[in-house]
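File shown here: structure27.json, holding JSON, C-alpha atoms.
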```json
[["chain", "number", "residue", "atom", "x", "y", "z"],
["A", 2, "MET", "CA", -42.17, -36.83, -58.27],
["A", 3, "ARG", "CA", -42.88, -33.18, -57.73],
["A", 4, "HIS", "CA", -44.54, -33.99, -54.40],
["A", 5, "THR", "CA", -41.51, -36.04, -53.32],
["A", 6, "SER", "CA", -39.11, -33.18, -54.23],
["A", 7, "VAL", "CA", -41.09, -30.65, -52.22],
["A", 8, "LEU", "CA", -41.17, -33.03, -49.27],
["A", 9, "LYS", "CA", -37.36, -33.43, -49.39],
["A", 10, "ARG", "CA", -36.81, -29.64, -49.46],
["A", 11, "THR", "CA", -39.13, -29.25, -46.46],
["A", 12, "VAL", "CA", -37.23, -31.89, -44.47],
["A", 13, "LEU", "CA", -33.87, -30.31, -45.34],
["A", 14, "SER", "CA", -35.09, -26.85, -44.34],
["A", 15, "ARG", "CA", -36.33, -28.09, -40.97],
["A", 16, "THR", "CA", -33.03, -29.91, -40.38],
["A", 17, "ALA", "CA", -31.06, -26.72, -41.07],
["A", 18, "LEU", "CA", -33.23, -24.65, -38.72],
["A", 19, "ALA", "CA", -32.80, -27.25, -35.99],
["A", 20, "ALA", "CA", -29.02, -27.11, -36.41],
["A", 21, "VAL", "CA", -29.02, -23.32, -36.09],
["A", 22, "ALA", "CA", -31.15, -23.53, -32.96],
["A", 23, "ILE", "CA", -28.74, -26.04, -31.39],
["A", 24, "ALA", "CA", -25.75, -23.82, -32.29],
["A", 25, "LEU", "CA", -27.31, -20.73, -30.71],
["A", 26, "ALA", "CA", -28.15, -22.65, -27.55],
["A", 27, "ALA", "CA", -24.52, -23.85, -27.31],
["A", 28, "GLY", "CA", -23.11, -20.26, -27.63],
["A", 29, "CYS", "CA", -21.17, -20.84, -30.82],
["A", 30, "THR", "CA", -21.83, -17.35, -32.18],
["A", 31, "ALA", "CA", -20.01, -14.35, -30.69],
["A", 32, "PRO", "CA", -22.15, -11.86, -28.72],
["A", 33, "SER", "CA", -22.73, -8.55, -30.42],
["A", 34, "PRO", "CA", -20.61, -5.62, -29.11],
["A", 35, "GLY", "CA", -23.59, -4.03, -27.40],
["A", 36, "ASP", "CA", -24.99, -7.24, -25.93],
["A", 37, "SER", "CA", -25.73, -6.58, -22.25],
["A", 38, "LYS", "CA", -25.34, -10.28, -21.57],
["A", 39, "SER", "CA", -21.78, -10.40, -22.90],
["A", 40, "PRO", "CA", -19.47, -11.97, -20.30],
["A", 41, "ALA", "CA", -17.04, -9.52, -18.65],
["A", 42, "ARG", "CA", -13.38, -9.96, -19.48],
["A", 43, "PRO", "CA", -11.76, -12.01, -16.69],
["A", 44, "SER", "CA", -9.36, -10.01, -14.53],
["A", 45, "THR", "CA", -5.71, -10.89, -15.17],
["A", 46, "ALA", "CA", -4.30, -9.11, -12.10],
["A", 47, "GLY", "CA", -2.20, -11.45, -10.02],
["A", 48, "THR", "CA", -2.22, -14.27, -12.60],
["A", 49, "PRO", "CA", 0.93, -16.38, -13.07],
["A", 50, "SER", "CA", 3.39, -15.56, -15.82],
["A", 51, "LYS", "CA", 2.51, -16.85, -19.26],
["A", 52, "ALA", "CA", 3.90, -20.11, -20.53],
["A", 53, "PRO", "CA", 6.97, -19.95, -22.78],
["A", 54, "GLY", "CA", 6.01, -18.84, -26.25],
["A", 55, "ALA", "CA", 2.74, -17.23, -25.20],
["A", 56, "SER", "CA", 2.07, -13.87, -26.80],
["A", 57, "ALA", "CA", 2.11, -10.74, -24.65],
["A", 58, "ASP", "CA", -1.20, -9.33, -23.53],
["A", 59, "PRO", "CA", -1.17, -5.60, -24.47],
["A", 60, "VAL", "CA", -3.29, -4.74, -21.43],
["A", 61, "THR", "CA", -1.35, -6.52, -18.70],
["A", 62, "ASP", "CA", 2.20, -6.40, -20.06],
["A", 63, "ALA", "CA", 2.42, -2.85, -21.38],
["A", 64, "LYS", "CA", 3.50, 0.15, -19.33],
["A", 65, "PRO", "CA", 4.13, 3.82, -20.21],
["A", 66, "GLY", "CA", 6.90, 4.00, -22.77],
["A", 67, "GLY", "CA", 5.95, 0.65, -24.29],
["A", 68, "SER", "CA", 8.54, -1.51, -22.53],
["A", 69, "ALA", "CA", 7.50, -4.77, -21.02],
["A", 70, "SER", "CA", 7.16, -5.26, -17.29],
["A", 71, "PRO", "CA", 6.73, -8.46, -15.25],
["A", 72, "SER", "CA", 3.24, -9.85, -15.70],
["A", 73, "ALA", "CA", 2.89, -10.89, -12.09],
["A", 74, "SER", "CA", 2.08, -8.11, -9.66],
["A", 75, "SER", "CA", 1.68, -7.61, -5.94],
["A", 76, "PRO", "CA", -1.49, -6.23, -4.29],
["A", 77, "SER", "CA", 0.21, -2.80, -4.17],
["A", 78, "GLY", "CA", 0.52, -2.75, -7.95],
["A", 79, "LYS", "CA", 4.32, -3.17, -7.96],
["A", 80, "PRO", "CA", 5.90, -6.00, -9.97],
["A", 81, "ALA", "CA", 6.55, -9.02, -7.77],
["A", 82, "GLY", "CA", 9.80, -8.69, -5.80],
["A", 83, "VAL", "CA", 10.18, -4.91, -6.33],
["A", 84, "LEU", "CA", 10.77, -2.91, -3.15],
["A", 85, "MET", "CA", 11.03, 0.59, -4.68],
["A", 86, "ARG", "CA", 10.43, 2.10, -8.10],
["A", 87, "GLU", "CA", 9.54, 5.47, -9.67],
["A", 88, "GLY", "CA", 6.71, 7.04, -7.70],
["A", 89, "THR", "CA", 7.60, 5.39, -4.37],
["A", 90, "GLU", "CA", 7.90, 7.87, -1.50],
["A", 91, "ASN", "CA", 9.01, 6.72, 1.95],
["A", 92, "GLU", "CA", 11.97, 6.69, 4.32],
["A", 93, "GLN", "CA", 13.52, 3.62, 2.69],
["A", 94, "VAL", "CA", 13.89, 5.69, -0.49],
["A", 95, "ARG", "CA", 15.70, 8.36, 1.57],
["A", 96, "GLU", "CA", 18.12, 5.69, 2.82],
["A", 97, "LEU", "CA", 18.53, 4.36, -0.73],
["A", 98, "GLN", "CA", 19.48, 7.83, -1.97],
["A", 99, "ALA", "CA", 21.89, 8.39, 0.92],
["A", 100, "ARG", "CA", 23.61, 5.06, 0.27],
["A", 101, "LEU", "CA", 23.87, 5.79, -3.47],
["A", 102, "ARG", "CA", 25.32, 9.20, -2.62],
["A", 103, "GLN", "CA", 27.97, 7.56, -0.42],
["A", 104, "ILE", "CA", 29.30, 5.56, -3.38],
["A", 105, "GLY", "CA", 29.10, 8.43, -5.86],
["A", 106, "GLN", "CA", 26.02, 7.31, -7.80],
["A", 107, "PHE", "CA", 23.61, 10.03, -6.60],
["A", 108, "HIS", "CA", 24.49, 13.72, -6.51],
["A", 109, "ARG", "CA", 21.59, 15.37, -4.72],
["A", 110, "SER", "CA", 20.37, 15.51, -1.15],
["A", 111, "PRO", "CA", 18.00, 12.67, -0.22],
["A", 112, "THR", "CA", 14.36, 13.63, -0.72],
["A", 113, "ALA", "CA", 12.57, 10.32, 0.07],
["A", 114, "PHE", "CA", 10.89, 10.51, -3.37],
["A", 115, "TYR", "CA", 11.86, 8.02, -6.07],
["A", 116, "GLY", "CA", 11.97, 10.07, -9.26],
["A", 117, "SER", "CA", 13.67, 9.68, -12.62],
["A", 118, "MET", "CA", 17.07, 10.79, -11.28],
["A", 119, "THR", "CA", 16.95, 8.09, -8.60],
["A", 120, "ALA", "CA", 15.92, 5.52, -11.21],
["A", 121, "LYS", "CA", 18.92, 6.47, -13.37],
["A", 122, "ALA", "CA", 21.24, 6.22, -10.36],
["A", 123, "VAL", "CA", 19.87, 2.78, -9.46],
["A", 124, "SER", "CA", 20.23, 1.63, -13.07],
["A", 125, "ALA", "CA", 23.86, 2.82, -13.16],
["A", 126, "PHE", "CA", 24.59, 0.99, -9.89],
["A", 127, "GLN", "CA", 22.95, -2.20, -11.17],
["A", 128, "GLN", "CA", 24.94, -2.10, -14.38],
["A", 129, "LYS", "CA", 28.17, -1.52, -12.47],
["A", 130, "SER", "CA", 27.31, -4.44, -10.15],
["A", 131, "GLY", "CA", 26.48, -6.86, -12.97],
["A", 132, "LEU", "CA", 22.73, -6.83, -12.23],
["A", 133, "PRO", "CA", 19.85, -6.30, -14.68],
["A", 134, "ALA", "CA", 19.64, -2.52, -15.14],
["A", 135, "THR", "CA", 15.91, -2.15, -14.47],
["A", 136, "GLY", "CA", 16.07, 1.11, -12.52],
["A", 137, "MET", "CA", 13.89, -0.55, -9.87],
["A", 138, "VAL", "CA", 15.10, -1.86, -6.51],
["A", 139, "ASP", "CA", 14.44, -5.52, -5.81],
["A", 140, "GLY", "CA", 15.80, -7.63, -2.97],
["A", 141, "THR", "CA", 19.02, -8.48, -4.79],
["A", 142, "THR", "CA", 19.76, -4.85, -5.65],
["A", 143, "TRP", "CA", 19.08, -3.72, -2.08],
["A", 144, "THR", "CA", 21.31, -6.43, -0.60],
["A", 145, "THR", "CA", 24.11, -5.56, -3.02],
["A", 146, "LEU", "CA", 23.84, -1.85, -2.23],
["A", 147, "THR", "CA", 23.80, -2.32, 1.55],
["A", 148, "GLY", "CA", 26.90, -4.48, 1.19],
["A", 149, "ALA", "CA", 28.67, -1.74, -0.78],
["A", 150, "SER", "CA", 27.74, 1.08, 1.61],
["A", 151, "ARG", "CA", 27.22, 1.75, 5.31],
["A", 152, "LYS", "CA", 24.21, 2.77, 7.36],
["A", 153, "PRO", "CA", 23.68, 6.51, 6.70],
["A", 154, "THR", "CA", 24.06, 8.96, 9.55],
["A", 155, "ALA", "CA", 21.32, 11.45, 10.43],
["A", 156, "GLU", "CA", 23.35, 14.18, 8.70],
["A", 157, "GLU", "CA", 23.57, 12.07, 5.51],
["A", 158, "LEU", "CA", 19.84, 11.37, 5.53],
["A", 159, "SER", "CA", 18.93, 15.03, 6.02],
["A", 160, "PRO", "CA", 22.01, 17.10, 5.11],
["A", 161, "ALA", "CA", 22.13, 20.83, 5.64],
["A", 162, "THR", "CA", 23.41, 21.36, 2.11],
["A", 163, "THR", "CA", 21.27, 20.88, -0.95],
["A", 164, "ASN", "CA", 24.45, 20.90, -3.02],
["A", 165, "GLU", "CA", 27.03, 18.17, -2.79],
["A", 166, "LEU", "CA", 30.43, 19.18, -1.44],
["A", 167, "ASP", "CA", 33.19, 18.92, -4.01],
["A", 168, "LYS", "CA", 36.76, 17.87, -3.35],
["A", 169, "PRO", "CA", 38.37, 20.38, -0.95],
["A", 170, "ASP", "CA", 40.93, 22.79, -2.32],
["A", 171, "PRO", "CA", 44.45, 21.75, -1.12],
["A", 172, "ARG", "CA", 44.65, 25.06, 0.80],
["A", 173, "CYS", "CA", 41.77, 23.86, 2.98],
["A", 174, "LEU", "CA", 43.42, 20.69, 4.24],
["A", 175, "LYS", "CA", 45.53, 22.17, 7.03],
["A", 176, "GLY", "CA", 44.45, 24.20, 10.04],
["A", 177, "ARG", "CA", 41.12, 25.92, 10.66],
["A", 178, "VAL", "CA", 39.52, 26.96, 7.37],
["A", 179, "LEU", "CA", 36.26, 28.30, 6.01],
["A", 180, "CYS", "CA", 36.51, 26.54, 2.63],
["A", 181, "VAL", "CA", 34.15, 28.19, 0.13],
["A", 182, "SER", "CA", 33.58, 26.60, -3.28],
["A", 183, "LYS", "CA", 32.01, 28.61, -6.08],
["A", 184, "GLU", "CA", 31.84, 25.42, -8.14],
["A", 185, "SER", "CA", 29.53, 23.52, -5.77],
["A", 186, "ARG", "CA", 28.14, 26.64, -4.04],
["A", 187, "THR", "CA", 29.00, 25.27, -0.62],
["A", 188, "LEU", "CA", 30.90, 26.30, 2.48],
["A", 189, "ALA", "CA", 32.74, 23.69, 4.52],
["A", 190, "TRP", "CA", 34.05, 24.58, 7.98],
["A", 191, "MET", "CA", 37.15, 22.37, 8.20],
["A", 192, "ILE", "CA", 39.67, 21.62, 10.91],
["A", 193, "ASP", "CA", 42.84, 19.77, 9.85],
["A", 194, "GLY", "CA", 41.21, 18.39, 6.71],
["A", 195, "LYS", "CA", 38.01, 17.19, 8.39],
["A", 196, "VAL", "CA", 34.63, 18.71, 7.52],
["A", 197, "VAL", "CA", 33.01, 19.84, 10.78],
["A", 198, "ALA", "CA", 29.98, 21.55, 9.21],
["A", 199, "ALA", "CA", 28.73, 22.30, 5.70],
["A", 200, "MET", "CA", 26.08, 24.59, 4.23],
["A", 201, "ASP", "CA", 24.77, 26.06, 0.98],
["A", 202, "VAL", "CA", 26.06, 29.51, 0.00],
["A", 203, "ARG", "CA", 25.53, 32.07, -2.74],
["A", 204, "PHE", "CA", 27.79, 34.83, -3.99],
["A", 205, "GLY", "CA", 27.85, 38.29, -5.45],
["A", 206, "SER", "CA", 26.46, 39.19, -8.85],
["A", 207, "GLU", "CA", 28.50, 39.94, -11.96],
["A", 208, "ASN", "CA", 28.58, 43.60, -10.94],
["A", 209, "THR", "CA", 29.57, 42.90, -7.33],
["A", 210, "PRO", "CA", 31.58, 39.66, -7.46],
["A", 211, "THR", "CA", 32.85, 37.78, -4.44],
["A", 212, "ARG", "CA", 36.63, 37.93, -4.43],
["A", 213, "GLU", "CA", 38.59, 34.69, -4.74],
["A", 214, "GLY", "CA", 41.78, 33.76, -2.95],
["A", 215, "THR", "CA", 43.17, 33.02, 0.49],
["A", 216, "PHE", "CA", 42.17, 35.38, 3.31],
["A", 217, "THR", "CA", 41.84, 35.45, 7.09],
["A", 218, "VAL", "CA", 38.95, 36.39, 9.32],
["A", 219, "GLY", "CA", 39.71, 40.01, 10.27],
["A", 220, "TRP", "CA", 36.82, 40.56, 12.65],
["A", 221, "LYS", "CA", 33.38, 39.20, 13.59],
["A", 222, "ALA", "CA", 30.00, 40.70, 14.43],
["A", 223, "LYS", "CA", 27.04, 38.70, 15.66],
["A", 224, "LYS", "CA", 24.73, 41.57, 14.71],
["A", 225, "TRP", "CA", 25.67, 43.91, 11.92],
["A", 226, "THR", "CA", 23.95, 46.14, 9.35],
["A", 227, "SER", "CA", 25.69, 47.07, 6.11],
["A", 228, "THR", "CA", 26.70, 50.72, 6.13],
["A", 229, "ILE", "CA", 26.48, 50.82, 2.32],
["A", 230, "TYR", "CA", 23.37, 48.79, 1.52],
["A", 231, "HIS", "CA", 21.67, 49.06, 4.93],
["A", 232, "THR", "CA", 20.85, 45.35, 5.01],
["A", 233, "SER", "CA", 21.11, 43.06, 8.03],
["A", 234, "MET", "CA", 24.21, 40.81, 8.19],
["A", 235, "PRO", "CA", 23.85, 38.53, 11.24],
["A", 236, "TYR", "CA", 26.79, 36.32, 12.23],
["A", 237, "ALA", "CA", 29.16, 38.22, 9.95],
["A", 238, "MET", "CA", 32.77, 37.04, 9.64],
["A", 239, "PHE", "CA", 34.67, 39.61, 7.58],
["A", 240, "PHE", "CA", 37.54, 38.31, 5.46],
["A", 241, "SER", "CA", 38.17, 40.85, 2.64],
["A", 242, "GLY", "CA", 37.34, 44.49, 3.28],
["A", 243, "GLY", "CA", 33.56, 44.69, 3.51],
["A", 244, "GLN", "CA", 33.02, 41.14, 2.24],
["A", 245, "ALA", "CA", 31.98, 38.62, 4.85],
["A", 246, "VAL", "CA", 30.44, 35.22, 5.39],
["A", 247, "HIS", "CA", 27.04, 35.85, 7.01],
["A", 248, "TYR", "CA", 23.44, 34.69, 7.32],
["A", 249, "SER", "CA", 21.06, 36.08, 4.69],
["A", 250, "ALA", "CA", 17.30, 36.13, 5.22],
["A", 251, "ASP", "CA", 16.93, 36.96, 1.53],
["A", 252, "PHE", "CA", 18.86, 33.83, 0.54],
["A", 253, "ALA", "CA", 16.70, 31.78, 2.90],
["A", 254, "ALA", "CA", 13.55, 33.18, 1.29],
["A", 255, "ARG", "CA", 14.49, 33.41, -2.40],
["A", 256, "GLY", "CA", 17.32, 30.93, -2.81],
["A", 257, "TYR", "CA", 19.45, 31.37, -5.91],
["A", 258, "ASN", "CA", 16.97, 33.76, -7.51],
["A", 259, "GLY", "CA", 18.95, 36.57, -5.89],
["A", 260, "ALA", "CA", 22.60, 37.40, -5.22],
["A", 261, "SER", "CA", 24.71, 39.17, -2.61],
["A", 262, "HIS", "CA", 26.67, 42.40, -2.96],
["A", 263, "GLY", "CA", 29.90, 40.40, -2.79],
["A", 264, "CYS", "CA", 29.48, 38.60, 0.53],
["A", 265, "VAL", "CA", 29.17, 34.84, 0.99],
["A", 266, "ASN", "CA", 25.51, 34.37, 1.95],
["A", 267, "VAL", "CA", 24.36, 31.43, 4.10],
["A", 268, "ARG", "CA", 20.69, 30.43, 4.39],
["A", 269, "ASN", "CA", 20.88, 27.99, 7.30],
["A", 270, "LYS", "CA", 20.75, 30.25, 10.34],
["A", 271, "GLN", "CA", 21.32, 27.51, 12.90],
["A", 272, "LYS", "CA", 24.39, 26.19, 11.12],
["A", 273, "ILE", "CA", 26.03, 29.57, 10.61],
["A", 274, "ALA", "CA", 25.35, 30.49, 14.25],
["A", 275, "GLN", "CA", 27.17, 27.35, 15.39],
["A", 276, "VAL", "CA", 30.11, 27.97, 13.08],
["A", 277, "PHE", "CA", 30.25, 31.64, 14.09],
["A", 278, "ASP", "CA", 30.81, 30.55, 17.70],
["A", 279, "GLN", "CA", 33.69, 28.27, 16.64],
["A", 280, "VAL", "CA", 35.52, 30.49, 14.16],
["A", 281, "GLN", "CA", 38.24, 32.68, 15.61],
["A", 282, "LYS", "CA", 39.89, 35.86, 14.39],
["A", 283, "GLY", "CA", 42.84, 34.87, 12.18],
["A", 284, "ASP", "CA", 41.25, 31.63, 10.88],
["A", 285, "LYS", "CA", 41.76, 31.05, 7.19],
["A", 286, "VAL", "CA", 39.14, 31.68, 4.51],
["A", 287, "VAL", "CA", 39.64, 30.12, 1.05],
["A", 288, "VAL", "CA", 37.29, 31.12, -1.79],
["A", 289, "HIS", "CA", 37.90, 29.02, -4.88],
["A", 290, "TRP", "CA", 36.40, 27.43, -7.97]]
```
Write-out of the structure in structure tokens:
Amino acid sequence: MRHTSVLKRTVLSRTALAAVAIALAAGCTAPSPGDSKSPARPSTAGTPSKAPGASADPVTDAKPGGSASPSASSPSGKPAGVLMREGTENEQVRELQARLRQIGQFHRSPTAFYGSMTAKAVSAFQQKSGLPATGMVDGTTWTTLTGASRKPTAEELSPATTNELDKPDPRCLKGRVLCVSKESRTLAWMIDGKVVAAMDVRFGSENTPTREGTFTVGWKAKKWTSTIYHTSMPYAMFFSGGQAVHYSADFAARGYNGASHGCVNVRNKQKIAQVFDQVQKGDKVVVHW
């Protein structure tokens, strides 16, 4: 009996070992983390969307911020159907920004770079138009926008002003007027209510403020040097004592980091030169908020 029992245990042991060998050969056990023969994870780029009810893959579906994005992608890395999104930089983005600016959804000069401000403007337009507010431009969004706007002009695509013109003061709507807004920091050369040219401007400091009100151009000087501050004032159009609209090399170089001594500084030399040639003695100057 003892011999028979030993024999049975031996047979059972061999059977178990055989089963383990078969299992290993079939790959039933998971490879160890450091196994050099472990199969690489299949690439999921460009795979179709998951079936309804499938759980999201944290690698393919996640994006910065944790919100989900379409699982399908194009070779460029954009979600399928997306024409422009944050990070895109090209001339179509410039046109997008110009069109959004036409309809009051974008309040900066076009830059051709799709940043967070552009994304917010697109999202606002989509929401207003009854589209999914993704902040990204797909074919439907682009078609809707082009239908709500017109083809931008060269001036709209690359405007001379960084700042957006505000609504003209009522005093600027008749006759020939240099309409200067402290609110938007812009100058609009207007004739009978139409903007002929526009440019960025800066004003005097708290100690030397630019006077506000309605004035007239008293005299002009293509080349002039301040007798008080001894600074160059090209294309000067004097409207209130020693205060004038003129080109400022300092404004062109330092922007709004500086200030004038009370004059209206212009940094676009070509624009102010053109306006200087058009403005006549006696033309109105309106400085307003």
Is there a way to get, as a ChimeraX atom specification, all residues within 12 Å of the point (22.9, 20.8, 2.2) in file coordinates, counting only C-alpha atoms? /A:108-112,156-166,185-189,198-202,267-269,272
For the selection just defined, write its residues with C-alpha atoms to a file, as a tab-separated table (two decimals), keeping the file's coordinate frame.
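File selection33.tsv, as written:
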```tsv
chain	number	residue	atom	x	y	z
A	108	HIS	CA	24.49	13.72	-6.51
A	109	ARG	CA	21.59	15.37	-4.72
A	110	SER	CA	20.37	15.51	-1.15
A	111	PRO	CA	18.00	12.67	-0.22
A	112	THR	CA	14.36	13.63	-0.72
A	156	GLU	CA	23.35	14.18	8.70
A	157	GLU	CA	23.57	12.07	5.51
A	158	LEU	CA	19.84	11.37	5.53
A	159	SER	CA	18.93	15.03	6.02
A	160	PRO	CA	22.01	17.10	5.11
A	161	ALA	CA	22.13	20.83	5.64
A	162	THR	CA	23.41	21.36	2.11
A	163	THR	CA	21.27	20.88	-0.95
A	164	ASN	CA	24.45	20.90	-3.02
A	165	GLU	CA	27.03	18.17	-2.79
A	166	LEU	CA	30.43	19.18	-1.44
A	185	SER	CA	29.53	23.52	-5.77
A	186	ARG	CA	28.14	26.64	-4.04
A	187	THR	CA	29.00	25.27	-0.62
A	188	LEU	CA	30.90	26.30	2.48
A	189	ALA	CA	32.74	23.69	4.52
A	198	ALA	CA	29.98	21.55	9.21
A	199	ALA	CA	28.73	22.30	5.70
A	200	MET	CA	26.08	24.59	4.23
A	201	ASP	CA	24.77	26.06	0.98
A	202	VAL	CA	26.06	29.51	0.00
A	267	VAL	CA	24.36	31.43	4.10
A	268	ARG	CA	20.69	30.43	4.39
A	269	ASN	CA	20.88	27.99	7.30
A	272	LYS	CA	24.39	26.19	11.12
```
Just how far from CA of Thr141 in chain A is CA of Ala113 in chain A, in Å to one decimal?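 Separation of CA of Ala113 in chain A and CA of Thr141 in chain A: 20.5 Å.
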In Å, with one decimal, what is the gap from CA of Gly116 in chain A to CA of Ala134 in chain A? 15.9 Å
Close residues, range 206-211 of chain A itself excluded, 12 Å, only C-alpha atoms, min 6 positions apart in chain, as a list in words: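 Selected residues are Val181, Ser182, Lys183, Phe240, Ser241, Gly242, Gly243, Gln244, Ala245, Val246, Tyr257, Asn258, Gly259, Ala260, Ser261, His262, Gly263, Cys264, Val265, Asn266, Val287, Val288, His289 and Trp290 of chain A.
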A:Thr145, A:Gly205, A:Val178, A:Asp284 ranked by distance to Gly131 in chain A, top pick (using only C-alpha atoms):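 Using only C-alpha atoms, the shortest distance to Gly131 in chain A belongs to A:Thr145.
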Have a look at A:Arg95, A:Lys195, A:Lys285, A:Arg255 and name the one nearest to Thr217 in chain A; count all atoms listed in the file. A:Lys285
Taking into account only C-alpha atoms, which residue in the set A:Tyr248, A:Trp190, A:Trp220, A:Phe114 is nearest to Ser233 in chain A?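 Comparing A:Tyr248, A:Trp190, A:Trp220, A:Phe114 against Ser233 in chain A, the winner is A:Tyr248.
With only C-alpha atoms as the atoms that count, the residue of A:Pro153, A:Gly194, A:Gly140, A:Gly214 with the shortest distance to Leu97 in chain A is A:Pro153.
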CA of Ser130 in chain A and CA of Leu101 in chain A are how many Å apart?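 CA of Leu101 in chain A lies at a distance of 12.7 Å from CA of Ser130 in chain A.
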Pick out the closest residue to Pro171 in chain A from this set: A:Asp139, A:Asp193, A:Glu87, A:Glu184. Count all atoms listed in the file. A:Asp193
Expected answer as a VMD selection string: all residues with atoms within 8 Å of (27.8, 35.7, 15.4), only C-alpha atoms: chain A and resid 221 to 224 235 to 238 273 to 274 277 to 278
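Across A:Arg203, A:Lys175, A:Arg151, A:Arg212, the tightest approach to His247 in chain A is made by A:Arg203 when counting all atoms listed in the file.
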Which residues, written as a PyMOL selection string, have at least one atom at most 8 Å from Ser150 in chain A, with all atoms listed in the file counted and residues fewer than 6 positions away on the same chain left out? chain A and resi 100-101+103-104
Need to verify the contact set: Gln127 in chain A, 12 Å, all atoms listed in the file, exclusion of same-chain residues closer than 3 positions in sequence. Can you return it as a list in words? Leu101, Gln106, Ala120, Lys121, Ala122, Val123, Ser124, Ser130, Gly131, Leu132, Pro133, Ala134, Thr135, Gly136, Met137, Val138, Asp139, Thr141, Thr142, Trp143, Thr144, Thr145, Leu146 and Ala149 of chain A
